[in-house]
$ cat run04.cif   # mmCIF, C-alpha atoms
data_data
loop_
_atom_site.label_atom_id
_atom_site.label_comp_id
_atom_site.auth_asym_id
_atom_site.auth_seq_id
_atom_site.Cartn_x
_atom_site.Cartn_y
_atom_site.Cartn_z
CA MET A 1 67.34 161.01 -8.08
CA ASN A 2 69.65 158.20 -9.30
CA LYS A 3 70.86 157.73 -5.75
CA ILE A 4 67.33 157.04 -4.58
CA HIS A 5 66.58 154.49 -7.30
CA LEU A 6 69.81 152.60 -6.59
CA ALA A 7 68.91 152.36 -2.90
CA VAL A 8 65.32 151.27 -3.41
CA ALA A 9 65.58 148.99 -6.46
CA PRO A 10 67.39 146.05 -4.73
CA VAL A 11 64.74 145.98 -1.98
CA ILE A 12 61.91 145.88 -4.52
CA GLY A 13 63.74 143.14 -6.44
CA VAL A 14 63.96 140.93 -3.35
CA LEU A 15 60.26 141.39 -2.64
CA VAL A 16 59.34 140.39 -6.17
CA ALA A 17 61.58 137.33 -6.02
CA LEU A 18 59.85 136.24 -2.81
CA GLY A 19 56.42 136.65 -4.39
CA CYS A 20 55.46 139.60 -2.19
CA THR A 21 52.70 141.81 -3.49
CA GLN A 22 52.97 144.71 -1.04
CA PRO A 23 53.45 148.00 -2.94
CA ALA A 24 56.73 149.88 -2.92
CA PRO A 25 57.34 152.29 -0.02
CA ARG A 26 55.57 155.62 -0.40
CA SER A 27 58.92 157.42 -0.55
CA ALA A 28 59.83 155.38 -3.66
CA VAL A 29 56.68 156.18 -5.62
CA PRO A 30 56.55 159.38 -7.73
CA GLN A 31 53.62 161.59 -6.76
CA GLY A 32 52.02 164.60 -8.42
CA ALA A 33 49.59 165.53 -11.17
CA PRO A 34 48.37 162.60 -13.35
CA ASP A 35 49.30 164.44 -16.55
CA GLY A 36 51.74 166.92 -15.06
CA PRO A 37 54.79 167.17 -12.79
CA LYS A 38 55.68 164.30 -10.47
CA PHE A 39 58.06 164.17 -7.53
CA ILE A 40 59.85 161.63 -5.36
CA VAL A 41 61.22 162.42 -1.91
CA ASP A 42 64.96 162.18 -1.25
CA PRO A 43 65.03 160.74 2.29
CA PHE A 44 68.77 161.46 2.63
CA TRP A 45 68.55 165.26 2.19
CA PRO A 46 69.96 167.23 3.95
CA LYS A 47 72.95 165.44 5.39
CA PRO A 48 73.17 165.23 9.20
CA LEU A 49 73.95 168.50 10.94
CA LYS A 50 77.22 168.86 12.78
CA ASP A 51 77.88 169.49 16.49
CA ASN A 52 74.67 167.78 17.62
CA TRP A 53 72.64 170.62 16.08
CA ILE A 54 68.92 170.27 15.55
CA PHE A 55 66.29 172.21 13.61
CA THR A 56 63.36 173.66 15.48
CA GLN A 57 60.28 175.19 13.83
CA ILE A 58 61.10 175.99 10.20
CA ALA A 59 60.22 179.64 9.60
CA GLY A 60 61.44 180.18 6.03
CA LEU A 61 63.12 178.61 2.99
CA ALA A 62 64.89 180.09 -0.02
CA VAL A 63 67.04 178.88 -2.92
CA ASP A 64 69.71 181.22 -4.31
CA SER A 65 71.19 181.57 -7.80
CA ARG A 66 73.71 178.78 -7.08
CA ASP A 67 70.92 176.35 -6.08
CA HIS A 68 72.03 176.61 -2.48
CA VAL A 69 69.21 176.16 0.02
CA TRP A 70 68.78 178.62 2.88
CA VAL A 71 66.82 177.62 5.98
CA LEU A 72 65.48 180.01 8.62
CA HIS A 73 64.30 178.35 11.84
CA ARG A 74 63.35 179.43 15.36
CA PRO A 75 66.04 178.39 17.87
CA ASN A 76 63.92 179.63 20.77
CA THR A 77 61.29 176.95 20.02
CA ILE A 78 63.54 174.05 21.02
CA LEU A 79 61.61 171.67 23.27
CA ASP A 80 62.61 171.09 26.89
CA ASP A 81 63.35 167.40 26.30
CA GLU A 82 65.63 168.34 23.40
CA LYS A 83 67.86 170.71 25.37
CA ALA A 84 71.33 169.65 26.40
CA LYS A 85 71.56 169.77 30.22
CA GLY A 86 73.80 168.79 33.07
CA SER A 87 77.42 167.72 33.17
CA GLN A 88 76.95 165.46 30.14
CA PRO A 89 75.04 167.63 27.67
CA GLU A 90 75.42 165.11 24.86
CA SER A 91 73.15 162.75 26.83
CA ARG A 92 70.25 165.18 26.57
CA CYS A 93 70.08 165.48 22.82
CA CYS A 94 70.71 168.70 21.10
CA THR A 95 71.63 172.29 20.51
CA PRO A 96 69.66 174.51 18.10
CA ALA A 97 71.45 175.19 14.83
CA PRO A 98 72.11 178.85 13.97
CA ALA A 99 68.92 180.63 12.93
CA VAL A 100 70.15 180.91 9.31
CA THR A 101 71.79 177.89 7.68
CA GLU A 102 73.02 177.39 4.11
CA PHE A 103 73.28 174.03 2.30
CA ASP A 104 74.53 173.11 -1.15
CA ALA A 105 72.38 171.16 -3.62
CA GLU A 106 73.68 167.84 -2.25
CA GLY A 107 72.61 168.73 1.29
CA ASN A 108 76.07 169.56 2.68
CA PHE A 109 76.12 172.21 5.40
CA ILE A 110 77.96 175.35 4.22
CA GLN A 111 77.56 177.93 6.97
CA GLY A 112 75.29 179.23 9.72
CA TRP A 113 74.71 182.58 11.38
CA GLY A 114 72.01 184.85 12.77
CA GLY A 115 70.52 186.05 16.02
CA PRO A 116 70.74 189.33 17.94
CA GLY A 117 73.63 191.63 17.11
CA GLN A 118 74.79 195.22 17.19
CA GLY A 119 73.03 197.78 15.01
CA TYR A 120 69.81 195.86 14.26
CA ASP A 121 66.75 194.32 15.91
CA TRP A 122 66.62 190.56 15.41
CA PRO A 123 63.00 189.26 15.36
CA LYS A 124 61.56 187.57 18.42
CA ASN A 125 59.84 185.01 16.19
CA GLU A 126 61.56 184.42 12.85
CA HIS A 127 59.32 184.19 9.79
CA GLY A 128 60.43 184.39 6.15
CA ILE A 129 63.78 184.40 4.34
CA TYR A 130 64.65 185.46 0.79
CA VAL A 131 67.97 185.54 -1.09
CA ASP A 132 67.98 188.02 -3.96
CA ALA A 133 69.86 187.90 -7.27
CA GLU A 134 72.82 189.78 -5.76
CA GLY A 135 73.11 187.26 -2.92
CA TYR A 136 71.70 189.50 -0.19
CA VAL A 137 69.70 187.72 2.50
CA TRP A 138 66.43 189.21 3.79
CA ILE A 139 64.88 188.16 7.13
CA ALA A 140 61.46 188.91 8.66
CA GLY A 141 59.56 188.02 11.83
CA ASN A 142 55.94 187.70 12.92
CA ASP A 143 55.95 188.28 16.67
CA PRO A 144 53.58 191.14 17.62
CA ALA A 145 56.68 193.31 18.15
CA ASP A 146 58.40 192.20 14.92
CA ASN A 147 57.51 195.12 12.65
CA MET A 148 60.71 195.17 10.62
CA ILE A 149 62.75 193.45 7.90
CA LEU A 150 66.53 192.96 7.95
CA LYS A 151 69.03 192.78 5.08
CA PHE A 152 72.38 190.96 5.36
CA THR A 153 75.23 189.82 3.14
CA ARG A 154 75.34 186.08 2.54
CA GLU A 155 78.03 185.88 5.25
CA GLY A 156 75.72 187.50 7.79
CA LYS A 157 77.00 191.10 7.81
CA PHE A 158 74.13 193.49 8.63
CA LEU A 159 73.30 196.04 5.90
CA MET A 160 69.86 197.60 6.43
CA GLN A 161 66.70 197.54 8.52
CA ILE A 162 63.23 198.61 7.34
CA GLY A 163 60.78 199.32 10.15
CA ARG A 164 61.38 198.80 13.85
CA PRO A 165 60.08 196.72 16.75
CA GLY A 166 57.21 198.04 18.82
CA LYS A 167 53.73 199.20 18.05
CA SER A 168 52.36 198.85 14.52
CA GLU A 169 51.14 201.99 12.76
CA GLY A 170 48.57 200.10 10.69
CA SER A 171 48.21 198.97 7.11
CA ASN A 172 48.66 202.42 5.56
CA SER A 173 51.92 203.34 7.26
CA ARG A 174 54.81 204.37 5.01
CA THR A 175 57.51 203.83 7.62
CA GLN A 176 56.47 200.89 9.77
CA LEU A 177 55.64 197.25 9.06
CA GLY A 178 53.15 194.96 10.81
CA ARG A 179 54.47 191.44 11.44
CA PRO A 180 55.73 190.82 7.87
CA ALA A 181 55.55 187.22 6.67
CA ASN A 182 57.75 187.08 3.58
CA MET A 183 59.31 189.10 0.78
CA VAL A 184 60.70 188.97 -2.76
CA VAL A 185 62.95 191.31 -4.77
CA ASP A 186 62.32 192.48 -8.32
CA ALA A 187 65.95 192.66 -9.44
CA ALA A 188 65.31 194.71 -12.60
CA ALA A 189 63.49 197.45 -10.70
CA SER A 190 65.46 197.01 -7.44
CA GLU A 191 62.18 196.81 -5.52
CA LEU A 192 61.37 194.79 -2.42
CA TYR A 193 57.81 193.40 -2.23
CA VAL A 194 56.66 192.49 1.28
CA ALA A 195 53.71 190.31 2.34
CA ASP A 196 52.79 192.43 5.37
CA GLY A 197 51.42 190.18 6.84
CA TYR A 198 50.32 188.85 10.24
CA GLY A 199 49.38 192.25 11.62
CA ASN A 200 48.88 194.49 8.59
CA LYS A 201 46.78 193.46 5.59
CA ARG A 202 48.68 194.56 2.53
CA ILE A 203 51.47 194.26 0.02
CA VAL A 204 54.02 197.04 0.46
CA VAL A 205 56.93 197.89 -1.85
CA PHE A 206 60.25 199.49 -0.85
CA ASP A 207 63.42 200.45 -2.68
CA ALA A 208 65.66 197.40 -2.20
CA LYS A 209 68.84 199.50 -1.91
CA THR A 210 67.70 202.39 0.28
CA GLY A 211 64.62 201.02 2.05
CA ALA A 212 62.55 204.00 0.92
CA TYR A 213 58.78 203.48 0.73
CA LYS A 214 57.30 203.33 -2.79
CA ARG A 215 53.66 202.05 -2.72
CA HIS A 216 51.23 199.62 -1.11
CA TRP A 217 47.80 198.05 -1.67
CA GLY A 218 45.26 195.69 -0.15
CA ALA A 219 42.91 193.06 -1.58
CA TYR A 220 41.63 193.78 -5.10
CA GLY A 221 44.19 196.61 -5.32
CA ALA A 222 42.18 198.87 -3.00
CA ALA A 223 43.49 200.79 -0.02
CA PRO A 224 43.85 198.34 2.89
CA SER A 225 41.73 198.62 6.00
CA ASP A 226 42.41 197.25 9.46
CA ASP A 227 38.69 197.12 10.28
CA LYS A 228 37.20 193.69 10.91
CA ALA A 229 35.55 192.18 7.84
CA ALA A 230 31.76 192.13 7.78
CA PRO A 231 30.38 188.70 8.77
CA GLY A 232 29.52 186.54 5.78
CA ALA A 233 31.19 188.82 3.25
CA ALA A 234 32.03 186.67 0.23
CA PRO A 235 34.53 187.07 -1.16
CA PRO A 236 36.10 189.29 1.54
CA LYS A 237 37.08 192.76 0.38
CA GLN A 238 40.18 192.84 2.56
CA PHE A 239 43.16 190.54 3.05
CA ALA A 240 42.95 188.42 6.18
CA ASN A 241 45.52 187.23 8.66
CA ALA A 242 47.83 186.19 7.26
CA VAL A 243 49.04 187.67 3.99
CA HIS A 244 51.53 184.84 3.98
CA CYS A 245 53.51 184.99 0.72
CA VAL A 246 54.31 187.16 -2.27
CA ARG A 247 55.90 185.86 -5.50
CA LEU A 248 56.79 187.48 -8.85
CA SER A 249 56.17 185.56 -12.08
CA ASN A 250 58.31 185.82 -15.22
CA ASP A 251 55.58 187.80 -16.98
CA GLY A 252 55.57 190.49 -14.32
CA MET A 253 52.59 189.45 -12.21
CA VAL A 254 52.50 189.62 -8.39
CA TYR A 255 50.97 186.55 -6.71
CA VAL A 256 49.78 186.92 -3.12
CA CYS A 257 48.87 184.13 -0.67
CA ASP A 258 45.84 185.41 1.26
CA ARG A 259 45.99 182.45 3.61
CA GLY A 260 43.25 183.56 5.99
CA ASN A 261 40.81 183.79 3.07
CA THR A 262 42.07 180.58 1.38
CA ARG A 263 42.75 182.29 -1.93
CA ILE A 264 45.47 183.53 -4.24
CA GLN A 265 45.19 187.04 -5.69
CA VAL A 266 47.15 188.22 -8.74
CA PHE A 267 48.18 191.83 -9.45
CA GLN A 268 50.22 193.94 -11.81
CA LYS A 269 53.32 195.42 -10.19
CA ASN A 270 51.56 198.75 -9.71
CA GLY A 271 48.88 197.05 -7.59
CA THR A 272 46.19 196.73 -10.26
CA PHE A 273 44.08 193.65 -9.53
CA VAL A 274 44.09 190.98 -12.29
CA THR A 275 42.38 187.83 -10.99
CA GLU A 276 42.03 185.47 -8.04
CA PHE A 277 41.88 181.75 -7.45
CA LEU A 278 39.18 181.08 -4.88
CA SER A 279 38.99 178.27 -2.36
CA GLN A 280 36.18 176.57 -4.30
CA GLN A 281 38.68 175.94 -7.08
CA MET A 282 41.33 174.68 -4.69
CA SER A 283 39.42 172.44 -2.25
CA ALA A 284 39.53 175.07 0.53
CA LEU A 285 43.30 174.80 0.79
CA ASP A 286 45.41 176.64 3.32
CA SER A 287 47.45 178.72 0.86
CA GLY A 288 50.59 179.21 2.92
CA ASP A 289 53.22 179.40 0.16
CA LEU A 290 53.40 179.33 -3.62
CA LEU A 291 55.96 178.39 -6.27
CA PHE A 292 56.12 178.56 -10.07
CA SER A 293 57.46 175.72 -12.22
CA PRO A 294 60.89 176.57 -13.71
CA ASP A 295 59.87 176.46 -17.40
CA PRO A 296 59.88 179.92 -19.10
CA ALA A 297 56.07 180.05 -19.27
CA GLN A 298 55.74 178.81 -15.67
CA ARG A 299 52.83 176.56 -16.63
CA TYR A 300 52.30 175.22 -13.12
CA ILE A 301 51.99 176.71 -9.67
CA TYR A 302 52.52 174.72 -6.48
CA ILE A 303 50.70 175.68 -3.30
CA SER A 304 51.36 174.40 0.22
CA ASP A 305 48.32 173.28 2.19
CA GLY A 306 49.20 172.95 5.85
CA GLN A 307 45.72 171.86 6.86
CA LYS A 308 45.74 168.86 4.54
CA GLY A 309 49.47 168.18 4.59
CA GLN A 310 49.63 168.38 0.80
CA ILE A 311 51.16 170.28 -2.09
CA HIS A 312 48.59 171.19 -4.73
CA ILE A 313 49.49 171.59 -8.42
CA LEU A 314 47.46 174.13 -10.40
CA SER A 315 47.47 175.40 -13.96
CA ARG A 316 48.83 178.95 -13.75
CA VAL A 317 46.76 180.24 -16.65
CA ASP A 318 43.40 179.60 -14.98
CA GLY A 319 44.03 178.18 -11.50
CA LYS A 320 42.56 174.80 -12.44
CA PRO A 321 43.55 172.04 -9.96
CA LEU A 322 45.65 169.36 -11.67
CA GLY A 323 46.66 167.15 -8.78
CA SER A 324 48.09 166.97 -5.27
CA PHE A 325 50.64 164.88 -3.43
CA ALA A 326 51.72 163.90 0.10
CA ARG A 327 49.66 163.52 3.28
CA HIS A 328 49.87 164.11 7.01
CA GLY A 329 52.49 162.00 8.73
CA ARG A 330 56.04 161.79 10.05
CA TYR A 331 57.67 159.55 7.45
CA ALA A 332 59.76 160.78 4.53
CA GLY A 333 57.48 162.40 1.97
CA GLU A 334 54.79 163.23 4.53
CA PHE A 335 54.13 166.46 6.42
CA ARG A 336 53.49 167.65 9.94
CA SER A 337 52.68 171.40 9.85
CA LEU A 338 53.79 172.12 6.27
CA HIS A 339 54.81 175.78 6.23
CA ASN A 340 57.29 176.80 3.50
CA LEU A 341 58.20 175.94 -0.09
CA ALA A 342 61.25 176.68 -2.24
CA MET A 343 62.40 175.46 -5.66
CA ASP A 344 65.77 175.13 -7.38
CA SER A 345 66.60 175.64 -11.06
CA LYS A 346 65.93 171.95 -11.85
CA GLY A 347 62.38 172.10 -10.50
CA ASN A 348 63.08 170.21 -7.27
CA ILE A 349 60.88 171.31 -4.35
CA TYR A 350 62.10 171.92 -0.81
CA THR A 351 59.64 171.99 2.08
CA GLY A 352 59.82 173.28 5.64
CA GLU A 353 57.62 172.21 8.54
CA ALA A 354 56.79 174.34 11.58
CA GLY A 355 54.79 173.17 14.62
CA PHE A 356 56.08 169.75 15.63
CA GLY A 357 57.30 168.84 12.11
CA ARG A 358 60.57 170.78 12.43
CA ARG A 359 62.36 169.48 9.37
CA VAL A 360 63.32 170.26 5.77
CA GLN A 361 62.66 167.79 2.93
CA LYS A 362 63.63 167.64 -0.74
CA PHE A 363 61.27 166.36 -3.45
CA VAL A 364 63.10 165.55 -6.68
CA ARG A 365 61.34 166.21 -9.99
CA ALA A 366 60.72 162.72 -11.37
CA ASP A 367 59.20 163.22 -14.84
#

$ encode --input "run04.cif" --output "structure tokens"
Amino acid sequence: MNKIHLAVAPVIGVLVALGCTQPAPRSAVPQGAPDGPKFIVDPFWPKPLKDNWIFTQIAGLAVDSRDHVWVLHRPNTILDDEKAKGSQPESRCCTPAPAVTEFDAEGNFIQGWGGPGQGYDWPKNEHGIYVDAEGYVWIAGNDPADNMILKFTREGKFLMQIGRPGKSEGSNSRTQLGRPANMVVDAAASELYVADGYGNKRIVVFDAKTGAYKRHWGAYGAAPSDDKAAPGAAPPKQFANAVHCVRLSNDGMVYVCDRGNTRIQVFQKNGTFVTEFLSQQMSALDSGDLLFSPDPAQRYIYISDGQKGQIHILSRVDGKPLGSFARHGRYAGEFRSLHNLAMDSKGNIYTGEAGFGRRVQKFVRAD
């Protein structure tokens, strides 16, 4: 954060000396809840990629125990006018970075890997990355054929696959997934929770070491159904497309982003329904991803809203809206197709943009 202030302060000083009254650039103004957390974008994070690499659609973000940031993107979504062509490829822009890239907290590139390999089925359309407490990296995909999750070492060595490509077996299958969106590991119980997802309509839990099925549930903790919801049902009794995120709080609750129904549902780890935050409380947000503040009580939750290009700040105890920040746009601190969120141990937020946004940004905690 000090780096940002040092860069911006001289510019503001010159403007004041000249009698200018135009406000400071948006990227220099902390944004957030009036009486809660505030953030300021770091326009210099990450540092430029090597070898003329470029990010395409950002499909997942994660922060590991070392505060290293992991980015999953979709190399196959590179645009035609971005591809290197001809005898002078450097004249035609870029080459997609590896599907999985790791950065340190300062934005330095550490390593990259990923893509098809022997012994596993790489997704056709990457979606979701998680790094667990042991440093294992989990990858998912949401193409209609991507009905599996992969587990790797942090160096990219394949370890395990749950599910397989091909036809889905539906939301009550114990062996097959249905276009999973994201996942999280309960380290104490060695359990993998999966937001499953774009095809299925459930949370499903596996043994994180063996991949063995353990349990699953749908909205309100009931058995999931793949039948179409009745028109006008409010609130819907089933998860919609997509069950986009799953997060575990410090007090043992499971938070689920039911993006298609613009709501968050909260459960005990056994699938017992606890409460939900409805769209009326959250200005009909597009609940694509969710984070908890890093304090022990996790007083705040942050929710990405791709439709509005904002991050909403809510009180975790009751879901009360406390504030929002950012807007649609292409400048630093703005969003085009906001998709993913991640947070480091200091409470800094990292964002990933899909669609035509195709970038990662860092928002430094400023209060």

$ closest_atom_pairs --input "run04.cif" --of "region 44-104 of chain A" --to "region 134-143 of chain A" --cutoff "12 Å" --atoms "all atoms listed in the file" --output "tab-separated table"
residue	atom	partner	partner_atom	distance
A:Ala59	CA	A:Gly141	CA	8.7
A:Gly60	CA	A:Ile139	CA	8.8
A:Leu61	CA	A:Ile139	CA	10.6
A:Ala62	CA	A:Val137	CA	9.4
A:Val63	CA	A:Gly135	CA	10.3
A:Asp64	CA	A:Gly135	CA	7.1
A:Ser65	CA	A:Gly135	CA	7.7
A:Arg66	CA	A:Gly135	CA	9.5
A:Asp67	CA	A:Gly135	CA	11.6
A:His68	CA	A:Gly135	CA	10.7
A:Val69	CA	A:Val137	CA	11.8
A:Trp70	CA	A:Val137	CA	9.2
A:Val71	CA	A:Ile139	CA	10.8
A:Leu72	CA	A:Ile139	CA	8.3
A:His73	CA	A:Gly141	CA	10.8
A:Arg74	CA	A:Gly141	CA	10.0
A:Ala99	CA	A:Ile139	CA	10.3
A:Val100	CA	A:Ile139	CA	9.2
A:Thr101	CA	A:Val137	CA	11.3
A:Glu102	CA	A:Val137	CA	11.0

$ atom_distance --input "run04.cif" --atom1 "CA of Gly128 (chain A)" --atom2 "CA of Asp318 (chain A)"
27.6 Å

$ atom_distance --input "run04.cif" --atom1 "CA of Ala187 (chain A)" --atom2 "CA of Gly114 (chain A)"
24.3 Å

$ resolve_selection --input "run04.cif" --expression "the PyMOL selection byres ((chain A and resi 243-258) around 6)" --output "PyMOL selection string"
chain A and resi 181-182+195+197+241-242+259-261+263-268+287-289

$ closest_residue --input "run04.cif" --among "A:Ile313, A:Ala240, A:Met343, A:Ile54" --to "Tyr198 (chain A)" --atoms "all atoms listed in the file"
A:Ala240

$ atom_distance --input "run04.cif" --atom1 "CA of Pro321 (chain A)" --atom2 "CA of Gly306 (chain A)"
16.8 Å

$ residues_around --input "run04.cif" --residues "Ala222 (chain A)" --least-positions-apart "4" --cutoff "12 Å" --atoms "all atoms listed in the file" --output "PyMOL selection string"
chain A and resi 171-172+201-203+215-218+237-239+267+270-273

$ write_last_selection --input "run04.cif" --atoms "C-alpha atoms" --output "PDB file, keeping the file's coordinate frame"
ATOM      1  CA  SER A 171      48.210 198.970   7.110  1.00  0.00           C
ATOM      2  CA  ASN A 172      48.660 202.420   5.560  1.00  0.00           C
ATOM      3  CA  LYS A 201      46.780 193.460   5.590  1.00  0.00           C
ATOM      4  CA  ARG A 202      48.680 194.560   2.530  1.00  0.00           C
ATOM      5  CA  ILE A 203      51.470 194.260   0.020  1.00  0.00           C
ATOM      6  CA  ARG A 215      53.660 202.050  -2.720  1.00  0.00           C
ATOM      7  CA  HIS A 216      51.230 199.620  -1.110  1.00  0.00           C
ATOM      8  CA  TRP A 217      47.800 198.050  -1.670  1.00  0.00           C
ATOM      9  CA  GLY A 218      45.260 195.690  -0.150  1.00  0.00           C
ATOM     10  CA  LYS A 237      37.080 192.760   0.380  1.00  0.00           C
ATOM     11  CA  GLN A 238      40.180 192.840   2.560  1.00  0.00           C
ATOM     12  CA  PHE A 239      43.160 190.540   3.050  1.00  0.00           C
ATOM     13  CA  PHE A 267      48.180 191.830  -9.450  1.00  0.00           C
ATOM     14  CA  ASN A 270      51.560 198.750  -9.710  1.00  0.00           C
ATOM     15  CA  GLY A 271      48.880 197.050  -7.590  1.00  0.00           C
ATOM     16  CA  THR A 272      46.190 196.730 -10.260  1.00  0.00           C
ATOM     17  CA  PHE A 273      44.080 193.650  -9.530  1.00  0.00           C
TER      18      PHE A 273
END

$ closest_residue --input "run04.cif" --among "A:Leu79, A:Ile129, A:Leu150, A:Ile40" --to "Pro116 (chain A)" --atoms "all atoms listed in the file"
A:Leu150

$ residues_around --input "run04.cif" --residues "region 188-191 of chain A" --least-positions-apart "5" --cutoff "12 Å" --atoms "all atoms listed in the file" --output "PyMOL selection string"
chain A and resi 132-134+183+204-215+248+250+252+269-270

$ write_last_selection --input "run04.cif" --atoms "C-alpha atoms" --output "PDB file, keeping the file's coordinate frame"
ATOM      1  CA  ASP A 132      67.980 188.020  -3.960  1.00  0.00           C
ATOM      2  CA  ALA A 133      69.860 187.900  -7.270  1.00  0.00           C
ATOM      3  CA  GLU A 134      72.820 189.780  -5.760  1.00  0.00           C
ATOM      4  CA  MET A 183      59.310 189.100   0.780  1.00  0.00           C
ATOM      5  CA  VAL A 204      54.020 197.040   0.460  1.00  0.00           C
ATOM      6  CA  VAL A 205      56.930 197.890  -1.850  1.00  0.00           C
ATOM      7  CA  PHE A 206      60.250 199.490  -0.850  1.00  0.00           C
ATOM      8  CA  ASP A 207      63.420 200.450  -2.680  1.00  0.00           C
ATOM      9  CA  ALA A 208      65.660 197.400  -2.200  1.00  0.00           C
ATOM     10  CA  LYS A 209      68.840 199.500  -1.910  1.00  0.00           C
ATOM     11  CA  THR A 210      67.700 202.390   0.280  1.00  0.00           C
ATOM     12  CA  GLY A 211      64.620 201.020   2.050  1.00  0.00           C
ATOM     13  CA  ALA A 212      62.550 204.000   0.920  1.00  0.00           C
ATOM     14  CA  TYR A 213      58.780 203.480   0.730  1.00  0.00           C
ATOM     15  CA  LYS A 214      57.300 203.330  -2.790  1.00  0.00           C
ATOM     16  CA  ARG A 215      53.660 202.050  -2.720  1.00  0.00           C
ATOM     17  CA  LEU A 248      56.790 187.480  -8.850  1.00  0.00           C
ATOM     18  CA  ASN A 250      58.310 185.820 -15.220  1.00  0.00           C
ATOM     19  CA  GLY A 252      55.570 190.490 -14.320  1.00  0.00           C
ATOM     20  CA  LYS A 269      53.320 195.420 -10.190  1.00  0.00           C
ATOM     21  CA  ASN A 270      51.560 198.750  -9.710  1.00  0.00           C
TER      22      ASN A 270
END
